[in-house]
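> Structure: data.txt, compact mmCIF, C-alpha atoms and all ligand atoms.
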# COMPACT_ATOMS: atom_id res chain seq x y z
CA MET A 1 22.63 0.57 -17.06
CA ASN A 2 21.74 -3.02 -17.87
CA VAL A 3 18.05 -3.89 -18.39
CA HIS A 4 16.80 -7.49 -18.51
CA LEU A 5 13.44 -7.90 -20.26
CA PRO A 6 12.06 -11.33 -19.31
CA GLU A 7 8.95 -12.42 -21.22
CA SER A 8 7.47 -14.83 -18.69
CA VAL A 9 7.16 -15.33 -14.94
CA ASP A 10 9.59 -18.28 -15.11
CA GLU A 11 12.15 -16.15 -16.91
CA ALA A 12 11.70 -13.32 -14.39
CA VAL A 13 12.14 -15.74 -11.46
CA GLY A 14 15.34 -17.01 -13.11
CA LEU A 15 16.60 -13.42 -13.13
CA LEU A 16 15.89 -12.70 -9.44
CA GLY A 17 19.11 -11.36 -8.02
CA ALA A 18 20.39 -10.26 -11.45
CA GLY A 19 19.05 -6.76 -10.87
CA VAL A 20 16.41 -4.62 -9.20
CA LEU A 21 12.87 -5.59 -10.18
CA LEU A 22 11.30 -2.75 -12.13
CA ALA A 23 7.52 -2.38 -12.42
CA GLY A 24 6.17 1.17 -12.91
CA GLY A 25 9.56 2.57 -11.91
CA THR A 26 8.15 5.48 -9.88
CA SER A 27 10.25 4.53 -6.84
CA VAL A 28 13.12 2.74 -8.59
CA MET A 29 13.98 5.12 -11.42
CA PRO A 30 15.11 8.11 -9.30
CA HIS A 31 17.79 5.84 -7.78
CA VAL A 32 19.08 4.29 -11.01
CA GLY A 33 22.73 4.95 -11.88
CA PRO A 34 25.05 3.96 -14.72
CA THR A 35 25.95 0.63 -13.08
CA THR A 36 22.42 -0.38 -12.04
CA SER A 37 20.97 -3.63 -13.39
CA LEU A 38 17.22 -3.80 -13.76
CA VAL A 39 14.82 -6.70 -14.33
CA SER A 40 11.82 -5.12 -16.03
CA LEU A 41 8.40 -6.71 -15.51
CA ARG A 42 6.99 -4.90 -18.54
CA ARG A 43 6.68 -8.03 -20.73
CA VAL A 44 5.94 -10.53 -17.96
CA GLY A 45 2.18 -9.92 -17.85
CA LEU A 46 0.93 -9.97 -14.25
CA THR A 47 -1.74 -7.38 -15.03
CA GLY A 48 -5.48 -7.67 -14.59
CA ILE A 49 -8.21 -7.88 -11.99
CA GLU A 50 -10.25 -11.06 -11.51
CA ARG A 51 -13.35 -11.54 -9.41
CA ASP A 52 -14.44 -14.84 -7.92
CA GLY A 53 -17.52 -14.19 -5.79
CA ASP A 54 -16.44 -11.55 -3.28
CA THR A 55 -12.72 -12.31 -3.75
CA LEU A 56 -10.61 -10.07 -5.94
CA THR A 57 -7.23 -11.11 -7.34
CA ILE A 58 -5.12 -8.30 -8.76
CA GLY A 59 -2.01 -8.91 -10.86
CA ALA A 60 1.07 -7.36 -9.25
CA ALA A 61 1.84 -5.16 -12.27
CA THR A 62 -1.67 -3.68 -12.44
CA THR A 63 -1.47 0.10 -12.23
CA LEU A 64 -2.91 2.04 -9.33
CA ALA A 65 -5.06 3.97 -11.85
CA ARG A 66 -6.69 0.74 -13.02
CA VAL A 67 -7.27 -0.45 -9.45
CA GLY A 68 -8.94 2.89 -8.71
CA ARG A 69 -11.21 2.54 -11.75
CA GLU A 70 -12.19 -1.09 -11.30
CA VAL A 71 -12.34 -1.51 -7.53
CA PRO A 72 -14.78 1.18 -6.40
CA PHE A 73 -14.24 0.89 -2.65
CA LEU A 74 -10.51 1.61 -3.18
CA HIS A 75 -11.14 4.61 -5.44
CA ASP A 76 -10.68 7.25 -2.71
CA ALA A 77 -7.52 5.60 -1.39
CA ILE A 78 -6.01 5.47 -4.88
CA GLU A 79 -6.97 9.10 -5.52
CA SER A 80 -5.06 10.08 -2.37
CA ILE A 81 -1.82 8.67 -3.86
CA ALA A 82 0.58 10.93 -5.76
CA SER A 83 -0.90 12.35 -9.01
CA PRO A 84 -2.66 10.91 -12.09
CA THR A 85 0.68 10.70 -13.92
CA ILE A 86 2.27 8.62 -11.17
CA ARG A 87 -0.85 6.48 -10.71
CA ASN A 88 -0.80 5.58 -14.41
CA LEU A 89 2.69 4.08 -13.95
CA ALA A 90 2.81 2.90 -10.35
CA THR A 91 1.69 -0.66 -9.64
CA ILE A 92 0.01 -2.41 -6.74
CA GLY A 93 3.01 -4.77 -6.43
CA GLY A 94 5.42 -1.86 -6.23
CA ASN A 95 3.30 -0.16 -3.60
CA LEU A 96 3.91 -3.10 -1.24
CA PHE A 97 7.58 -2.10 -1.18
CA ALA A 98 7.09 1.69 -0.97
CA ARG A 99 8.79 3.13 2.08
CA GLN A 100 6.58 4.96 4.55
CA PRO A 101 5.25 7.62 4.43
CA HIS A 102 4.37 6.17 0.98
CA GLY A 103 2.56 2.86 0.59
CA ASP A 104 -1.04 3.94 1.17
CA LEU A 105 -2.43 1.04 -0.85
CA ALA A 106 -0.27 -1.35 1.18
CA VAL A 107 -1.97 0.07 4.29
CA CYS A 108 -5.37 -0.76 2.73
CA LEU A 109 -4.18 -4.26 1.82
CA LEU A 110 -3.03 -4.81 5.41
CA ALA A 111 -6.45 -3.76 6.69
CA LEU A 112 -7.99 -6.20 4.20
CA ASP A 113 -5.70 -9.01 5.42
CA ALA A 114 -4.72 -9.51 1.77
CA THR A 115 -2.83 -12.58 0.60
CA VAL A 116 0.27 -11.94 -1.50
CA SER A 117 1.32 -14.61 -4.00
CA ILE A 118 5.07 -14.70 -4.45
CA ILE A 119 7.68 -16.81 -6.20
CA ASP A 120 11.33 -17.00 -5.26
CA ALA A 121 14.10 -19.59 -5.15
CA ASP A 122 11.99 -21.61 -2.66
CA GLY A 123 9.08 -21.78 -5.11
CA ALA A 124 5.60 -20.27 -5.15
CA ARG A 125 3.73 -19.50 -1.94
CA GLU A 126 1.29 -17.13 -0.28
CA VAL A 127 2.37 -14.68 2.40
CA GLY A 128 0.96 -11.67 4.25
CA VAL A 129 1.33 -8.07 3.06
CA LEU A 130 4.33 -7.38 5.30
CA GLU A 131 6.14 -10.61 4.31
CA ALA A 132 6.24 -9.94 0.55
CA GLU A 133 9.61 -10.80 -1.07
CA GLY A 134 10.93 -12.36 -4.25
CA LEU A 135 8.64 -11.79 -7.23
CA VAL A 136 5.10 -10.79 -6.27
CA THR A 137 2.70 -12.19 -8.86
CA SER A 138 -0.70 -11.21 -7.45
CA ILE A 139 -2.59 -9.95 -4.43
CA SER A 140 -5.97 -11.32 -3.30
CA PHE A 141 -8.53 -10.10 -0.78
CA LYS A 142 -12.21 -10.29 0.00
CA GLU A 143 -14.23 -7.19 -0.78
CA PRO A 144 -15.23 -5.82 2.62
CA GLU A 145 -18.84 -5.12 3.56
CA ARG A 146 -17.74 -1.85 5.19
CA TRP A 147 -14.76 0.30 4.40
CA PHE A 148 -13.20 3.33 6.07
CA TYR A 149 -10.22 5.27 4.73
CA THR A 150 -8.67 8.60 5.49
CA LYS A 151 -5.31 10.17 4.75
CA ALA A 152 -4.03 13.34 6.35
CA MET A 153 -1.67 15.12 3.96
CA ARG A 154 -0.46 18.60 3.23
CA ARG A 155 -2.03 19.06 -0.18
CA ARG A 156 -4.23 17.11 -2.59
CA GLN A 157 -1.55 15.78 -4.95
CA ASN A 158 1.96 14.42 -4.57
CA SER A 159 1.86 14.68 -0.82
CA ALA A 160 2.95 11.75 1.29
CA SER A 161 1.02 10.61 4.32
CA ILE A 162 1.10 12.28 7.69
CA VAL A 163 -1.40 9.70 8.92
CA THR A 164 -3.24 7.08 6.84
CA VAL A 165 -6.03 5.00 8.36
CA ALA A 166 -7.73 2.05 6.63
CA SER A 167 -10.29 -0.24 8.24
CA ASP A 168 -12.92 -2.79 7.31
CA GLY A 169 -14.68 -2.11 10.60
CA ALA A 170 -12.72 -4.83 12.40
CA ARG A 171 -9.06 -4.57 11.36
CA ILE A 172 -7.37 -1.16 11.54
CA ALA A 173 -4.15 -0.50 9.60
CA LEU A 174 -2.10 2.66 9.86
CA GLY A 175 0.36 4.39 7.56
CA GLY A 176 2.60 7.40 8.05
CA VAL A 177 3.18 6.64 11.72
CA ALA A 178 5.80 3.86 11.63
CA PRO A 179 8.54 2.70 9.25
CA ARG A 180 6.14 0.13 7.79
CA PRO A 181 2.34 -0.11 7.66
CA VAL A 182 1.08 -1.43 11.01
CA ARG A 183 -2.04 -3.06 12.44
CA ALA A 184 -3.40 -1.22 15.47
CA THR A 185 -4.34 -4.33 17.44
CA ALA A 186 -5.18 -2.63 20.76
CA ALA A 187 -7.44 -0.25 18.87
CA GLU A 188 -9.04 -3.20 17.07
CA ALA A 189 -9.91 -4.80 20.43
CA ALA A 190 -11.64 -1.60 21.56
CA LEU A 191 -13.44 -1.34 18.22
CA ALA A 192 -14.71 -4.91 18.65
CA GLU A 193 -16.41 -3.66 21.83
CA GLY A 194 -17.94 -0.80 19.86
CA ASP A 195 -15.82 1.84 21.63
CA ILE A 196 -14.55 4.10 18.85
CA ALA A 197 -13.22 6.76 21.25
CA LYS A 198 -11.11 4.14 23.05
CA ALA A 199 -9.98 2.65 19.71
CA ALA A 200 -8.80 6.10 18.64
CA GLU A 201 -6.97 6.64 21.93
CA LEU A 202 -5.29 3.20 21.81
CA SER A 203 -4.18 3.56 18.19
CA VAL A 204 -1.03 5.38 19.38
CA GLU A 205 0.19 2.09 20.90
CA ALA A 206 0.92 0.89 17.35
CA ALA A 207 2.76 4.05 16.36
CA ASP A 208 6.52 4.42 16.07
CA PRO A 209 6.53 7.71 14.20
CA PHE A 210 9.36 9.57 12.46
CA ASP A 211 10.21 13.14 11.47
CA ASP A 212 10.21 14.09 7.81
CA ALA A 213 9.54 17.10 5.61
CA TYR A 214 5.78 16.60 5.96
CA ALA A 215 5.44 16.39 9.75
CA SER A 216 7.31 15.71 12.96
CA ALA A 217 7.03 12.44 14.85
CA TRP A 218 5.44 14.42 17.70
CA TYR A 219 2.74 15.80 15.38
CA ARG A 220 2.00 12.42 13.82
CA ARG A 221 1.49 10.82 17.24
CA ARG A 222 -0.60 13.76 18.38
CA VAL A 223 -3.05 13.76 15.44
CA LEU A 224 -3.27 9.97 14.97
CA PRO A 225 -6.22 9.45 17.37
CA VAL A 226 -8.11 12.30 15.73
CA HIS A 227 -7.77 10.71 12.29
CA VAL A 228 -8.62 7.21 13.55
CA ARG A 229 -11.82 8.60 15.11
CA ARG A 230 -12.66 10.57 11.98
CA ALA A 231 -12.06 7.55 9.75
CA LEU A 232 -14.23 5.24 11.85
CA THR A 233 -17.05 7.75 12.27
CA GLU A 234 -16.74 8.94 8.64
CA GLU A 235 -16.62 12.55 9.88
C1 LIG E 1 6.08 12.06 -6.64
C2 LIG E 1 5.66 10.78 -5.98
C3 LIG E 1 4.64 10.79 -5.07
C4 LIG E 1 4.23 9.61 -4.46
N1 LIG E 1 3.21 9.67 -3.57
C5 LIG E 1 2.76 8.52 -3.01
C6 LIG E 1 1.67 8.53 -2.12
O1 LIG E 1 1.09 9.58 -1.80
N2 LIG E 1 1.25 7.34 -1.63
C7 LIG E 1 1.84 6.15 -1.97
O2 LIG E 1 1.39 5.10 -1.53
N3 LIG E 1 2.90 6.13 -2.78
C8 LIG E 1 3.36 7.28 -3.31
N4 LIG E 1 4.43 7.24 -4.14
C9 LIG E 1 5.11 6.00 -4.31
C10 LIG E 1 4.52 5.17 -5.47
O3 LIG E 1 3.16 5.12 -5.47
C11 LIG E 1 4.90 3.79 -5.22
O4 LIG E 1 6.26 3.85 -5.20
C12 LIG E 1 4.42 2.88 -6.34
O5 LIG E 1 3.24 2.17 -5.99
C13 LIG E 1 5.50 1.93 -6.65
O6 LIG E 1 5.08 1.16 -7.74
P1 LIG E 1 5.99 1.04 -9.02
O7 LIG E 1 5.31 0.06 -9.90
O8 LIG E 1 6.32 2.34 -9.61
O9 LIG E 1 7.27 0.38 -8.36
P2 LIG E 1 8.80 0.42 -8.82
O10 LIG E 1 9.35 1.78 -8.62
O11 LIG E 1 8.95 -0.21 -10.14
O12 LIG E 1 9.38 -0.57 -7.70
C14 LIG E 1 9.32 -0.23 -6.32
C15 LIG E 1 9.91 -1.38 -5.51
O13 LIG E 1 9.04 -2.50 -5.58
C16 LIG E 1 9.73 -3.63 -6.12
N5 LIG E 1 8.76 -4.31 -6.96
C17 LIG E 1 7.93 -3.76 -7.88
N6 LIG E 1 7.11 -4.70 -8.39
C18 LIG E 1 7.45 -5.87 -7.79
C19 LIG E 1 6.96 -7.21 -7.89
N7 LIG E 1 5.96 -7.55 -8.72
N8 LIG E 1 7.52 -8.15 -7.11
C20 LIG E 1 8.52 -7.83 -6.25
N9 LIG E 1 9.03 -6.58 -6.12
C21 LIG E 1 8.49 -5.62 -6.87
C22 LIG E 1 10.91 -3.04 -6.89
O14 LIG E 1 11.97 -3.93 -7.02
C23 LIG E 1 11.26 -1.86 -6.01
O15 LIG E 1 12.01 -2.28 -4.91
C24 LIG E 1 4.86 8.39 -4.77
C25 LIG E 1 5.89 8.37 -5.71
C26 LIG E 1 6.29 9.54 -6.30
C27 LIG E 1 7.40 9.49 -7.31
Go ahead and express the file in the form of structure tokens.


Amino acid sequence: MNVHLPESVDEAVGLLGAGVLLAGGTSVMPHVGPTTSLVSLRRVGLTGIERDGDTLTIGAATTLARVGREVPFLHDAIESIASPTIRNLATIGGNLFARQPHGDLAVCLLALDATVSIIDADGAREVGVLEAEGLVTSISFKEPERWFYTKAMRRRQNSASIVTVASDGARIALGGVAPRPVRATAAEAALAEGDIAKAAELSVEAADPFDDAYASAWYRRRVLPVHVRRALTEE
């Protein structure tokens, strides 16, 4: 195994393509083999949480545990992810690339319409949550006035999502019900008219569910409206 340890963002960008980017390692490390090359972000910085009015900017290598401590409205979402041990290692940047049914924070960031700052061979730019590539340096979003989050899972710790719902009362993002986090746009239109029951019913239009060890695709589709309604009514 070959590990690059860049000490700056510029150095890390220069090493893109020389190996797999490694942040907390909670997703990467189980797949590492003797011939794997890694580019560790450990010494690059990219940690911290800054506030500018109601806008938060979080460094990509900030741990989930720290986000949960310092961003109160995301506390419950963070607590629904994995276990304290994993949350102390796992980063917000890494969560953007977690494969569903993981990636609960990415679902929240999609509901928040977060902006992802990236750098790659084409330079630095800002993209949406689902367009993240290259080196993610930070993630910014406005703190919402209202926030709804629910995650259906089998047990309290280390259980991936069956259905995750995040909403700021206007946007609705779903996890666990498609290969990537998705916006439930038909449901959002119904919610804009104040019809939560219809929003719940229409949420299935965004779903493209899969079978896994936690639940079948059939079950995910079946319970999705229930969890959307529960999330939006805070039942
Ligand atoms: C037992 C267990 C349970 C889990 N349960 C949940 C859960 O319930 N909910 C949930 O959301 N997640 C869950 N996860 C997944 C975990 O939370 C995410 O994988 C974590 O956020 C990834 O962050 P990391 O820093 O460890 O990423 P790493 O493992 O270091 O990297 C993951 C991917 O992201 C890329 N990457 C990392 N940082 C950057 C960056 N700055 N720029 C570009 N690419 C980058 C890496 O190259 C890699 O492809 C679980 C993981 C485990 C092991």

> Which of these residues is nearest to ligand LIG 1 (chain E), using only C-alpha atoms and all ligand atoms: A:Thr47, A:Thr164, A:Thr55, A:Thr91?

A:Thr91

> Name the residues in contact with A:Gly123 at a cut-off of 10 Å, using only C-alpha atoms, excluding same-chain residues fewer than 4 positions from it; report them as a PyMOL selection string.

chain A and resi 13+118-119+134

> Which residue, A:Leu202, A:Ile172, A:Ile196, A:Ala152, has the smallest gap to A:Val223 when you use only C-alpha atoms?

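Smallest distance to A:Val223 is found for A:Ala152.
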
> Counting all atoms listed in the file, which of A:Ala61, A:Leu56, A:Val32, A:Ala206 gets nearest to ligand LIG 1 (chain E)?

A:Ala61

> Taking only C-alpha atoms and all ligand atoms and a cut-off of 6 Å, can you tell me which residues surround ligand LIG 1 (chain E), written as a PyMOL selection string?

chain A and resi 20-28+60-61+81-82+89-95+97-98+102-105+134-137+158-160

> Go ahead and dump the residues you just picked, C-alpha atoms, as a CSV table (one decimal), in the coordinates of the input.


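Output saved as selection.csv:
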chain,number,residue,atom,x,y,z
A,20,VAL,CA,16.4,-4.6,-9.2
A,21,LEU,CA,12.9,-5.6,-10.2
A,22,LEU,CA,11.3,-2.8,-12.1
A,23,ALA,CA,7.5,-2.4,-12.4
A,24,GLY,CA,6.2,1.2,-12.9
A,25,GLY,CA,9.6,2.6,-11.9
A,26,THR,CA,8.2,5.5,-9.9
A,27,SER,CA,10.2,4.5,-6.8
A,28,VAL,CA,13.1,2.7,-8.6
A,60,ALA,CA,1.1,-7.4,-9.2
A,61,ALA,CA,1.8,-5.2,-12.3
A,81,ILE,CA,-1.8,8.7,-3.9
A,82,ALA,CA,0.6,10.9,-5.8
A,89,LEU,CA,2.7,4.1,-14.0
A,90,ALA,CA,2.8,2.9,-10.4
A,91,THR,CA,1.7,-0.7,-9.6
A,92,ILE,CA,0.0,-2.4,-6.7
A,93,GLY,CA,3.0,-4.8,-6.4
A,94,GLY,CA,5.4,-1.9,-6.2
A,95,ASN,CA,3.3,-0.2,-3.6
A,97,PHE,CA,7.6,-2.1,-1.2
A,98,ALA,CA,7.1,1.7,-1.0
A,102,HIS,CA,4.4,6.2,1.0
A,103,GLY,CA,2.6,2.9,0.6
A,104,ASP,CA,-1.0,3.9,1.2
A,105,LEU,CA,-2.4,1.0,-0.8
A,134,GLY,CA,10.9,-12.4,-4.2
A,135,LEU,CA,8.6,-11.8,-7.2
A,136,VAL,CA,5.1,-10.8,-6.3
A,137,THR,CA,2.7,-12.2,-8.9
A,158,ASN,CA,2.0,14.4,-4.6
A,159,SER,CA,1.9,14.7,-0.8
A,160,ALA,CA,3.0,11.8,1.3

> Which residue, A:Val177, A:Leu5, A:Leu232, A:Val163, has the smallest gap to A:Leu191 when you use all atoms listed in the file?

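Distance minimum relative to A:Leu191 lands on A:Leu232.
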
> Which residue out of A:Thr62, A:Gly14, A:Val226, A:Tyr149 has the minimum interatomic distance to A:Ala121 when all atoms listed in the file are used?

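Ranked by minimum distance to A:Ala121, first place goes to A:Gly14.
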
> Smallest atom-to-atom distance to A:Arg69: which of A:Asp52, A:Ser138, A:Asn88, A:Ser167, using all atoms listed in the file?

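Among A:Asp52, A:Ser138, A:Asn88, A:Ser167, it is A:Asn88 that comes nearest to A:Arg69.
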
> So what do you get for atom CA of A:Ala170 versus atom CA of A:Glu145, distance-wise?

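Distance between the two atoms: 10.8 Å.
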
> Provide the atom CA of A:His227 to atom CA of A:Val107 distance in Å, to one decimal place.

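Pair atom CA of A:His227 / atom CA of A:Val107 returns 14.5 Å.
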
> What is the atom CA of A:His31-atom CA of A:Ala132 distance in Å, reported with one decimal?

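It comes out at 21.3 Å.
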
> Using all atoms listed in the file, find all polymer residues with an atom at most 12 Å away from the point (-1.4, 19.5, 6.6); report them as a short mmCIF file (atom, residue, chain, number, x, y, z; two decimals) with C-alpha atoms, in the frame of the given file.


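Output contents, as saved in selection_1.cif:
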data_model
loop_
_atom_site.label_atom_id
_atom_site.label_comp_id
_atom_site.auth_asym_id
_atom_site.auth_seq_id
_atom_site.Cartn_x
_atom_site.Cartn_y
_atom_site.Cartn_z
CA LYS A 151 -5.31 10.17 4.75
CA ALA A 152 -4.03 13.34 6.35
CA MET A 153 -1.67 15.12 3.96
CA ARG A 154 -0.46 18.60 3.23
CA ARG A 155 -2.03 19.06 -0.18
CA ARG A 156 -4.23 17.11 -2.59
CA SER A 159 1.86 14.68 -0.82
CA ALA A 160 2.95 11.75 1.29
CA SER A 161 1.02 10.61 4.32
CA ILE A 162 1.10 12.28 7.69
CA VAL A 163 -1.40 9.70 8.92
CA ALA A 213 9.54 17.10 5.61
CA TYR A 214 5.78 16.60 5.96
CA ALA A 215 5.44 16.39 9.75
CA SER A 216 7.31 15.71 12.96
CA TYR A 219 2.74 15.80 15.38
CA ARG A 220 2.00 12.42 13.82
CA VAL A 223 -3.05 13.76 15.44
#

> Env of A:Gly45: 8 Å cut, atoms = only C-alpha atoms, seq-sep filter 5 positions within chain, self excluded. Answer as a PDB file with C-alpha atoms, in the frame of the given file.


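The result, stored in around-v2.pdb:
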ATOM      1  CA  GLU A   7       8.950 -12.420 -21.220  1.00  0.00           C
ATOM      2  CA  SER A   8       7.470 -14.830 -18.690  1.00  0.00           C
ATOM      3  CA  VAL A   9       7.160 -15.330 -14.940  1.00  0.00           C
ATOM      4  CA  ALA A  61       1.840  -5.160 -12.270  1.00  0.00           C
TER       5      ALA A  61
END

> Using all atoms listed in the file, determine which residues lie at most 12 Å from A:Pro6, disregarding the query and same-chain residues fewer than 5 positions distant; provide the list as a PyMOL selection string.

chain A and resi 11-16+18-19+21-22+38-45

> Got a sec: who's within 8 Å of A:Pro179, counting all atoms listed in the file, leaving out chain neighbours fewer than 3 positions off, as a list of chain:residue names?

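Contacts, in chain order: A:Arg99, A:Gln100, A:Pro101, A:Gly176, A:Asp208, A:Pro209, A:Phe210.
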
> Is it possible to get the residues within 7 Å of (-3.6, 0.6, 4.5) (coordinates as in the file, counting only C-alpha atoms) written as JSON, numbers by chain?

{"A": [104, 105, 106, 107, 108, 109, 110, 111, 164, 165, 166, 173, 174, 175, 181]}

> Next, the residues of the selection above should be written as a compact mmCIF listing (two decimals), keeping the file's coordinate frame with C-alpha atoms.


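Result file selection.txt:
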# COMPACT_ATOMS: atom_id res chain seq x y z
CA ASP A 104 -1.04 3.94 1.17
CA LEU A 105 -2.43 1.04 -0.85
CA ALA A 106 -0.27 -1.35 1.18
CA VAL A 107 -1.97 0.07 4.29
CA CYS A 108 -5.37 -0.76 2.73
CA LEU A 109 -4.18 -4.26 1.82
CA LEU A 110 -3.03 -4.81 5.41
CA ALA A 111 -6.45 -3.76 6.69
CA THR A 164 -3.24 7.08 6.84
CA VAL A 165 -6.03 5.00 8.36
CA ALA A 166 -7.73 2.05 6.63
CA ALA A 173 -4.15 -0.50 9.60
CA LEU A 174 -2.10 2.66 9.86
CA GLY A 175 0.36 4.39 7.56
CA PRO A 181 2.34 -0.11 7.66
